[in-house]
$ cat target_24.txt   # compact mmCIF, N, CA and C atoms
# COMPACT_ATOMS: atom_id res chain seq x y z
N ALA A 8 -15.38 -54.18 23.36
CA ALA A 8 -14.28 -53.56 24.05
C ALA A 8 -14.42 -52.05 24.00
N ALA A 9 -14.94 -51.54 22.94
CA ALA A 9 -15.10 -50.10 22.84
C ALA A 9 -16.14 -49.63 23.84
N ALA A 10 -17.13 -50.44 24.09
CA ALA A 10 -18.17 -50.07 25.05
C ALA A 10 -17.60 -50.04 26.45
N VAL A 11 -16.69 -50.97 26.74
CA VAL A 11 -16.06 -51.02 28.06
C VAL A 11 -15.18 -49.79 28.22
N LYS A 12 -14.45 -49.46 27.14
CA LYS A 12 -13.59 -48.28 27.20
C LYS A 12 -14.46 -47.03 27.38
N ALA A 13 -15.56 -46.96 26.71
CA ALA A 13 -16.44 -45.80 26.81
C ALA A 13 -17.03 -45.71 28.20
N ALA A 14 -17.41 -46.85 28.78
CA ALA A 14 -17.96 -46.86 30.12
C ALA A 14 -16.91 -46.42 31.12
N ALA A 15 -15.68 -46.88 30.94
CA ALA A 15 -14.59 -46.50 31.83
C ALA A 15 -14.32 -45.00 31.69
N ALA A 16 -14.40 -44.48 30.48
CA ALA A 16 -14.15 -43.06 30.24
C ALA A 16 -15.25 -42.22 30.89
N VAL A 17 -16.49 -42.71 30.79
CA VAL A 17 -17.62 -41.99 31.41
C VAL A 17 -17.44 -42.01 32.91
N LYS A 18 -17.02 -43.17 33.46
CA LYS A 18 -16.81 -43.29 34.90
C LYS A 18 -15.70 -42.35 35.34
N ALA A 19 -14.62 -42.30 34.57
CA ALA A 19 -13.48 -41.44 34.89
C ALA A 19 -13.91 -39.97 34.79
N ALA A 20 -14.72 -39.63 33.80
CA ALA A 20 -15.19 -38.27 33.62
C ALA A 20 -16.08 -37.86 34.80
N ALA A 21 -16.91 -38.79 35.27
CA ALA A 21 -17.78 -38.52 36.40
C ALA A 21 -16.95 -38.28 37.66
N ALA A 22 -15.90 -39.07 37.82
CA ALA A 22 -15.02 -38.91 38.98
C ALA A 22 -14.31 -37.56 38.91
N VAL A 23 -13.84 -37.19 37.72
CA VAL A 23 -13.16 -35.90 37.54
C VAL A 23 -14.15 -34.77 37.83
N LYS A 24 -15.39 -34.95 37.32
CA LYS A 24 -16.42 -33.93 37.54
C LYS A 24 -16.69 -33.76 39.03
N ALA A 25 -16.79 -34.86 39.78
CA ALA A 25 -17.05 -34.80 41.21
C ALA A 25 -15.89 -34.14 41.93
N ALA A 26 -14.66 -34.46 41.50
CA ALA A 26 -13.47 -33.86 42.11
C ALA A 26 -13.44 -32.35 41.85
N VAL A 27 -13.78 -31.95 40.63
CA VAL A 27 -13.81 -30.53 40.27
C VAL A 27 -14.88 -29.81 41.10
N GLU A 28 -16.07 -30.42 41.23
CA GLU A 28 -17.14 -29.80 42.02
C GLU A 28 -16.73 -29.65 43.48
N ALA A 29 -16.06 -30.66 44.03
CA ALA A 29 -15.59 -30.59 45.42
C ALA A 29 -14.55 -29.48 45.57
N ALA A 30 -13.66 -29.37 44.58
CA ALA A 30 -12.64 -28.33 44.62
C ALA A 30 -13.26 -26.94 44.53
N VAL A 31 -14.28 -26.81 43.70
CA VAL A 31 -14.98 -25.52 43.57
C VAL A 31 -15.67 -25.17 44.89
N GLU A 32 -16.35 -26.15 45.49
CA GLU A 32 -17.02 -25.92 46.77
C GLU A 32 -16.01 -25.50 47.84
N GLU A 33 -14.87 -26.17 47.86
CA GLU A 33 -13.82 -25.83 48.84
C GLU A 33 -13.30 -24.43 48.57
N ALA A 34 -13.11 -24.06 47.31
CA ALA A 34 -12.63 -22.73 46.95
C ALA A 34 -13.64 -21.65 47.36
N VAL A 35 -14.92 -21.96 47.17
CA VAL A 35 -15.98 -21.01 47.57
C VAL A 35 -15.97 -20.84 49.09
N ALA A 36 -15.84 -21.94 49.82
CA ALA A 36 -15.81 -21.88 51.28
C ALA A 36 -14.62 -21.07 51.78
N VAL A 37 -13.45 -21.31 51.17
CA VAL A 37 -12.25 -20.56 51.56
C VAL A 37 -12.44 -19.08 51.26
N ALA A 38 -12.96 -18.77 50.09
CA ALA A 38 -13.19 -17.38 49.71
C ALA A 38 -14.18 -16.71 50.67
N THR A 39 -15.21 -17.44 51.08
CA THR A 39 -16.21 -16.90 52.02
C THR A 39 -15.57 -16.62 53.37
N ARG A 40 -14.75 -17.55 53.86
CA ARG A 40 -14.07 -17.35 55.16
C ARG A 40 -13.11 -16.16 55.09
N GLU A 41 -12.39 -16.06 53.98
CA GLU A 41 -11.45 -14.95 53.82
C GLU A 41 -12.20 -13.61 53.76
N ALA A 42 -13.33 -13.60 53.06
CA ALA A 42 -14.12 -12.37 52.98
C ALA A 42 -14.66 -11.98 54.35
N ALA A 43 -15.12 -12.98 55.11
CA ALA A 43 -15.64 -12.72 56.46
C ALA A 43 -14.53 -12.19 57.35
N ALA A 44 -13.35 -12.80 57.26
CA ALA A 44 -12.21 -12.34 58.07
C ALA A 44 -11.82 -10.93 57.67
N ALA A 45 -11.82 -10.65 56.37
CA ALA A 45 -11.48 -9.30 55.90
C ALA A 45 -12.53 -8.31 56.38
N GLY A 46 -13.80 -8.72 56.37
CA GLY A 46 -14.89 -7.85 56.85
C GLY A 46 -14.75 -7.56 58.34
N ARG A 47 -14.40 -8.58 59.12
CA ARG A 47 -14.20 -8.38 60.56
C ARG A 47 -13.01 -7.45 60.80
N ALA A 48 -11.95 -7.67 60.04
CA ALA A 48 -10.77 -6.82 60.20
C ALA A 48 -11.09 -5.37 59.84
N GLU A 49 -11.87 -5.19 58.78
CA GLU A 49 -12.25 -3.85 58.37
C GLU A 49 -13.16 -3.22 59.43
N ALA A 50 -14.12 -3.99 59.95
CA ALA A 50 -15.02 -3.48 60.99
C ALA A 50 -14.23 -3.13 62.25
N GLU A 51 -13.26 -3.96 62.59
CA GLU A 51 -12.44 -3.69 63.78
C GLU A 51 -11.63 -2.41 63.58
N ALA A 52 -11.07 -2.25 62.38
CA ALA A 52 -10.29 -1.04 62.09
C ALA A 52 -11.19 0.20 62.17
N GLU A 53 -12.41 0.10 61.66
CA GLU A 53 -13.36 1.22 61.71
C GLU A 53 -13.72 1.53 63.17
N ALA A 54 -13.94 0.49 63.97
CA ALA A 54 -14.25 0.70 65.38
C ALA A 54 -13.10 1.39 66.10
N ARG A 55 -11.87 1.00 65.77
CA ARG A 55 -10.70 1.64 66.38
C ARG A 55 -10.60 3.11 65.98
N ARG A 56 -10.91 3.41 64.71
CA ARG A 56 -10.89 4.80 64.26
C ARG A 56 -11.95 5.62 65.02
N GLU A 57 -13.15 5.06 65.15
CA GLU A 57 -14.21 5.75 65.87
C GLU A 57 -13.82 5.97 67.34
N LEU A 58 -13.21 4.95 67.93
CA LEU A 58 -12.77 5.08 69.32
C LEU A 58 -11.73 6.18 69.46
N ALA A 59 -10.81 6.27 68.53
CA ALA A 59 -9.80 7.32 68.57
C ALA A 59 -10.45 8.70 68.43
N GLN A 60 -11.46 8.81 67.54
CA GLN A 60 -12.16 10.08 67.37
C GLN A 60 -12.88 10.47 68.66
N LEU A 61 -13.54 9.50 69.27
CA LEU A 61 -14.27 9.78 70.51
C LEU A 61 -13.31 10.19 71.63
N ALA A 62 -12.17 9.53 71.70
CA ALA A 62 -11.18 9.89 72.71
C ALA A 62 -10.70 11.33 72.49
N ALA A 63 -10.51 11.71 71.24
CA ALA A 63 -10.09 13.08 70.93
C ALA A 63 -11.18 14.08 71.32
N GLN A 64 -12.44 13.73 71.04
CA GLN A 64 -13.55 14.62 71.41
C GLN A 64 -13.66 14.76 72.92
N VAL A 65 -13.47 13.67 73.65
CA VAL A 65 -13.51 13.72 75.11
C VAL A 65 -12.39 14.62 75.63
N SER A 66 -11.20 14.46 75.09
CA SER A 66 -10.07 15.29 75.51
C SER A 66 -10.36 16.77 75.24
N GLN A 67 -10.92 17.05 74.09
CA GLN A 67 -11.24 18.43 73.74
C GLN A 67 -12.29 18.99 74.70
N ALA A 68 -13.32 18.21 74.99
CA ALA A 68 -14.37 18.67 75.91
C ALA A 68 -13.80 18.90 77.31
N GLU A 69 -12.91 18.03 77.76
CA GLU A 69 -12.28 18.20 79.08
C GLU A 69 -11.43 19.46 79.10
N ALA A 70 -10.73 19.74 78.02
CA ALA A 70 -9.91 20.96 77.94
C ALA A 70 -10.80 22.20 77.99
N GLU A 71 -11.91 22.17 77.27
CA GLU A 71 -12.84 23.31 77.29
C GLU A 71 -13.41 23.50 78.69
N LEU A 72 -13.75 22.40 79.33
CA LEU A 72 -14.29 22.47 80.69
C LEU A 72 -13.26 23.06 81.66
N ALA A 73 -12.02 22.62 81.53
CA ALA A 73 -10.96 23.14 82.39
C ALA A 73 -10.75 24.63 82.14
N ALA A 74 -10.89 25.06 80.89
CA ALA A 74 -10.72 26.48 80.57
C ALA A 74 -11.86 27.31 81.16
N LEU A 75 -13.04 26.74 81.29
CA LEU A 75 -14.20 27.46 81.82
C LEU A 75 -14.26 27.44 83.34
N ALA A 76 -13.50 26.58 83.99
CA ALA A 76 -13.57 26.43 85.45
C ALA A 76 -13.30 27.74 86.19
N PRO A 77 -12.26 28.51 85.85
CA PRO A 77 -12.03 29.77 86.58
C PRO A 77 -13.19 30.76 86.42
N GLN A 78 -13.71 30.84 85.21
CA GLN A 78 -14.85 31.74 84.96
C GLN A 78 -16.05 31.28 85.77
N HIS A 79 -16.29 29.98 85.84
CA HIS A 79 -17.40 29.44 86.61
C HIS A 79 -17.24 29.78 88.09
N ALA A 80 -16.03 29.61 88.60
CA ALA A 80 -15.78 29.92 90.00
C ALA A 80 -16.03 31.39 90.29
N LYS A 81 -15.56 32.25 89.38
CA LYS A 81 -15.76 33.69 89.55
C LYS A 81 -17.24 34.04 89.56
N LEU A 82 -17.98 33.48 88.59
CA LEU A 82 -19.41 33.76 88.51
C LEU A 82 -20.16 33.21 89.71
N SER A 83 -19.74 32.06 90.21
CA SER A 83 -20.36 31.49 91.41
C SER A 83 -20.15 32.39 92.61
N ASP A 84 -18.92 32.93 92.74
CA ASP A 84 -18.64 33.85 93.84
C ASP A 84 -19.49 35.11 93.72
N GLU A 85 -19.59 35.64 92.50
CA GLU A 85 -20.41 36.83 92.28
C GLU A 85 -21.87 36.55 92.61
N ALA A 86 -22.35 35.38 92.22
CA ALA A 86 -23.74 35.02 92.50
C ALA A 86 -23.97 34.92 94.01
N ALA A 87 -23.02 34.34 94.73
CA ALA A 87 -23.15 34.24 96.18
C ALA A 87 -23.16 35.62 96.82
N THR A 88 -22.29 36.52 96.33
CA THR A 88 -22.25 37.89 96.85
C THR A 88 -23.56 38.61 96.59
N LEU A 89 -24.09 38.47 95.37
CA LEU A 89 -25.36 39.11 95.03
C LEU A 89 -26.51 38.55 95.87
N LYS A 90 -26.48 37.25 96.12
CA LYS A 90 -27.52 36.62 96.93
C LYS A 90 -27.47 37.17 98.35
N ALA A 91 -26.26 37.31 98.90
CA ALA A 91 -26.12 37.86 100.25
C ALA A 91 -26.62 39.30 100.29
N GLU A 92 -26.28 40.09 99.27
CA GLU A 92 -26.76 41.47 99.21
C GLU A 92 -28.28 41.52 99.13
N GLU A 93 -28.84 40.62 98.34
CA GLU A 93 -30.31 40.57 98.21
C GLU A 93 -30.94 40.24 99.56
N GLU A 94 -30.37 39.29 100.27
CA GLU A 94 -30.92 38.90 101.58
C GLU A 94 -30.82 40.06 102.57
N ARG A 95 -29.68 40.78 102.55
CA ARG A 95 -29.54 41.94 103.45
C ARG A 95 -30.56 43.02 103.10
N ALA A 96 -30.75 43.28 101.81
CA ALA A 96 -31.71 44.30 101.39
C ALA A 96 -33.13 43.89 101.76
N SER A 97 -33.43 42.61 101.60
CA SER A 97 -34.76 42.12 101.95
C SER A 97 -35.00 42.25 103.45
N ALA A 98 -33.99 41.91 104.24
CA ALA A 98 -34.12 42.04 105.70
C ALA A 98 -34.32 43.50 106.09
N LYS A 99 -33.56 44.39 105.45
CA LYS A 99 -33.70 45.83 105.74
C LYS A 99 -35.09 46.31 105.36
N LEU A 100 -35.60 45.85 104.22
CA LEU A 100 -36.94 46.24 103.79
C LEU A 100 -37.99 45.75 104.78
N GLN A 101 -37.85 44.51 105.23
CA GLN A 101 -38.80 43.98 106.21
C GLN A 101 -38.74 44.80 107.51
N GLN A 102 -37.53 45.17 107.88
CA GLN A 102 -37.36 45.99 109.09
C GLN A 102 -38.06 47.34 108.93
N LEU A 103 -37.92 47.92 107.75
CA LEU A 103 -38.58 49.21 107.50
C LEU A 103 -40.09 49.06 107.50
N TYR A 104 -40.59 47.97 106.88
CA TYR A 104 -42.04 47.73 106.91
C TYR A 104 -42.53 47.58 108.35
N LYS A 105 -41.76 46.89 109.15
CA LYS A 105 -42.14 46.67 110.55
C LYS A 105 -42.19 48.00 111.29
N ARG A 106 -41.17 48.84 111.06
CA ARG A 106 -41.17 50.16 111.71
C ARG A 106 -42.38 50.98 111.29
N GLU A 107 -42.70 50.92 110.01
CA GLU A 107 -43.84 51.68 109.51
C GLU A 107 -45.13 51.21 110.18
N THR A 108 -45.27 49.90 110.26
CA THR A 108 -46.46 49.32 110.89
C THR A 108 -46.50 49.69 112.37
N THR A 109 -45.34 49.59 113.01
CA THR A 109 -45.26 49.91 114.43
C THR A 109 -45.60 51.37 114.68
N ALA A 110 -45.09 52.25 113.83
CA ALA A 110 -45.35 53.68 114.01
C ALA A 110 -46.83 54.00 113.87
N SER A 111 -47.50 53.30 112.99
CA SER A 111 -48.93 53.59 112.81
C SER A 111 -49.79 52.93 113.89
N GLN A 112 -49.21 52.04 114.69
CA GLN A 112 -49.96 51.36 115.75
C GLN A 112 -50.23 52.25 116.95
N PHE A 113 -49.32 53.17 117.20
CA PHE A 113 -49.36 53.90 118.47
C PHE A 113 -50.01 55.27 118.31
N SER A 114 -50.69 55.63 119.38
CA SER A 114 -51.39 56.91 119.35
C SER A 114 -50.51 58.06 119.81
N SER A 115 -49.42 57.70 120.54
CA SER A 115 -48.53 58.76 121.03
C SER A 115 -47.09 58.28 121.03
N LYS A 116 -46.16 59.23 121.18
CA LYS A 116 -44.75 58.87 121.24
C LYS A 116 -44.45 58.07 122.50
N ALA A 117 -45.14 58.37 123.57
CA ALA A 117 -44.91 57.66 124.84
C ALA A 117 -45.30 56.19 124.70
N ALA A 118 -46.40 55.91 124.05
CA ALA A 118 -46.83 54.52 123.86
C ALA A 118 -45.85 53.79 122.95
N ARG A 119 -45.40 54.50 121.92
CA ARG A 119 -44.41 53.91 121.02
C ARG A 119 -43.11 53.60 121.74
N ASP A 120 -42.64 54.59 122.55
CA ASP A 120 -41.38 54.40 123.27
C ASP A 120 -41.48 53.24 124.25
N LYS A 121 -42.60 53.11 124.90
CA LYS A 121 -42.79 52.01 125.86
C LYS A 121 -42.72 50.68 125.13
N ALA A 122 -43.38 50.57 123.99
CA ALA A 122 -43.36 49.32 123.21
C ALA A 122 -41.96 49.02 122.69
N LEU A 123 -41.26 50.06 122.25
CA LEU A 123 -39.89 49.86 121.77
C LEU A 123 -38.95 49.44 122.88
N GLN A 124 -39.12 50.01 124.08
CA GLN A 124 -38.29 49.60 125.21
C GLN A 124 -38.55 48.14 125.58
N LYS A 125 -39.80 47.74 125.51
CA LYS A 125 -40.16 46.35 125.78
C LYS A 125 -39.51 45.42 124.74
N GLU A 126 -39.56 45.81 123.47
CA GLU A 126 -38.95 45.01 122.40
C GLU A 126 -37.43 44.96 122.56
N ALA A 127 -36.83 46.08 122.94
CA ALA A 127 -35.38 46.12 123.16
C ALA A 127 -34.99 45.19 124.30
N ALA A 128 -35.79 45.15 125.34
CA ALA A 128 -35.52 44.25 126.47
C ALA A 128 -35.58 42.80 126.01
N LYS A 129 -36.55 42.47 125.18
CA LYS A 129 -36.65 41.09 124.64
C LYS A 129 -35.40 40.75 123.83
N GLU A 130 -34.98 41.69 123.00
CA GLU A 130 -33.80 41.46 122.15
C GLU A 130 -32.54 41.29 123.00
N ARG A 131 -32.42 42.11 124.08
CA ARG A 131 -31.25 41.97 124.97
C ARG A 131 -31.26 40.60 125.64
N ALA A 132 -32.45 40.15 126.08
CA ALA A 132 -32.55 38.84 126.72
C ALA A 132 -32.19 37.73 125.73
N SER A 133 -32.64 37.87 124.51
CA SER A 133 -32.31 36.88 123.47
C SER A 133 -30.81 36.87 123.20
N LEU A 134 -30.22 38.04 123.15
CA LEU A 134 -28.78 38.15 122.92
C LEU A 134 -28.00 37.50 124.07
N GLU A 135 -28.41 37.77 125.29
CA GLU A 135 -27.74 37.17 126.44
C GLU A 135 -27.84 35.63 126.39
N LYS A 136 -29.00 35.15 126.04
CA LYS A 136 -29.20 33.69 125.94
C LYS A 136 -28.27 33.10 124.89
N LYS A 137 -28.18 33.75 123.74
CA LYS A 137 -27.31 33.25 122.67
C LYS A 137 -25.84 33.34 123.05
N GLU A 138 -25.46 34.38 123.77
CA GLU A 138 -24.08 34.50 124.23
C GLU A 138 -23.74 33.37 125.20
N LYS A 139 -24.70 33.05 126.08
CA LYS A 139 -24.48 31.94 127.02
C LYS A 139 -24.34 30.62 126.27
N GLN A 140 -25.17 30.40 125.26
CA GLN A 140 -25.08 29.18 124.45
C GLN A 140 -23.74 29.11 123.72
N ALA A 141 -23.31 30.23 123.19
CA ALA A 141 -22.01 30.26 122.48
C ALA A 141 -20.88 29.97 123.45
N ALA A 142 -20.94 30.54 124.65
CA ALA A 142 -19.90 30.29 125.64
C ALA A 142 -19.89 28.81 126.03
N ALA A 143 -21.08 28.23 126.18
CA ALA A 143 -21.15 26.80 126.54
C ALA A 143 -20.56 25.94 125.42
N LEU A 144 -20.82 26.30 124.18
CA LEU A 144 -20.27 25.54 123.06
C LEU A 144 -18.75 25.70 122.98
N GLU A 145 -18.26 26.88 123.25
CA GLU A 145 -16.81 27.10 123.23
C GLU A 145 -16.14 26.35 124.36
N ALA A 146 -16.81 26.20 125.49
CA ALA A 146 -16.24 25.49 126.64
C ALA A 146 -16.10 24.00 126.35
N GLN A 147 -16.90 23.50 125.45
CA GLN A 147 -16.84 22.07 125.14
C GLN A 147 -15.64 21.84 124.34
$ encode --input "target_24.txt" --output "structure tokens"
Amino acid sequence: AAAVKAAAAVKAAAAVKAAVEAAVEEAVAVATREAAAAGRAEAEAEARRELAQLAAQVSQAEAELAALAPQHAKLSDEAATLKAEEERASAKLQQLYKRETTASQFSSKAARDKALQKEAAKERASLEKKEKQAAALEAQ
């Protein structure tokens, strides 16, 4: 009878041991899930903080850009004015070079005057043609 009692006790102890092991495994699984959930929540909170920082940086950059817009417009206008002045000066320089070349081409004032009158006639004809084109465009 003592052997039967001992066998029953061993069987009961084995069952208790199996139940304890199952409970420990379940506790470990629950703890793992909770840790993962806490990690996700922490990662999500960190991502939200980073997003808020980036939004603040974007707002700051947009404000700086808006503050620079008037200065940019002013500098662009100045650049356009300087470019126009440069083009006028370059055209004047080319005109002067042309006059210099033309002056050295002729052997006398009469030959020069004749060539200049011919060039003036070409320019008048070109002007008349352009005026006619402008009038035709305005008529449309």
$ atom_distance --input "target_24.txt" --atom1 "atom N of Ala42 of chain A" --atom2 "atom N of Arg55 of chain A"
19.4 Å
$ atom_distance --input "target_24.txt" --atom1 "atom CA of Glu49 of chain A" --atom2 "atom CA of Gln64 of chain A"
22.6 Å
$ atom_distance --input "target_24.txt" --atom1 "atom N of Leu89 of chain A" --atom2 "atom CA of Tyr104 of chain A"
23.3 Å
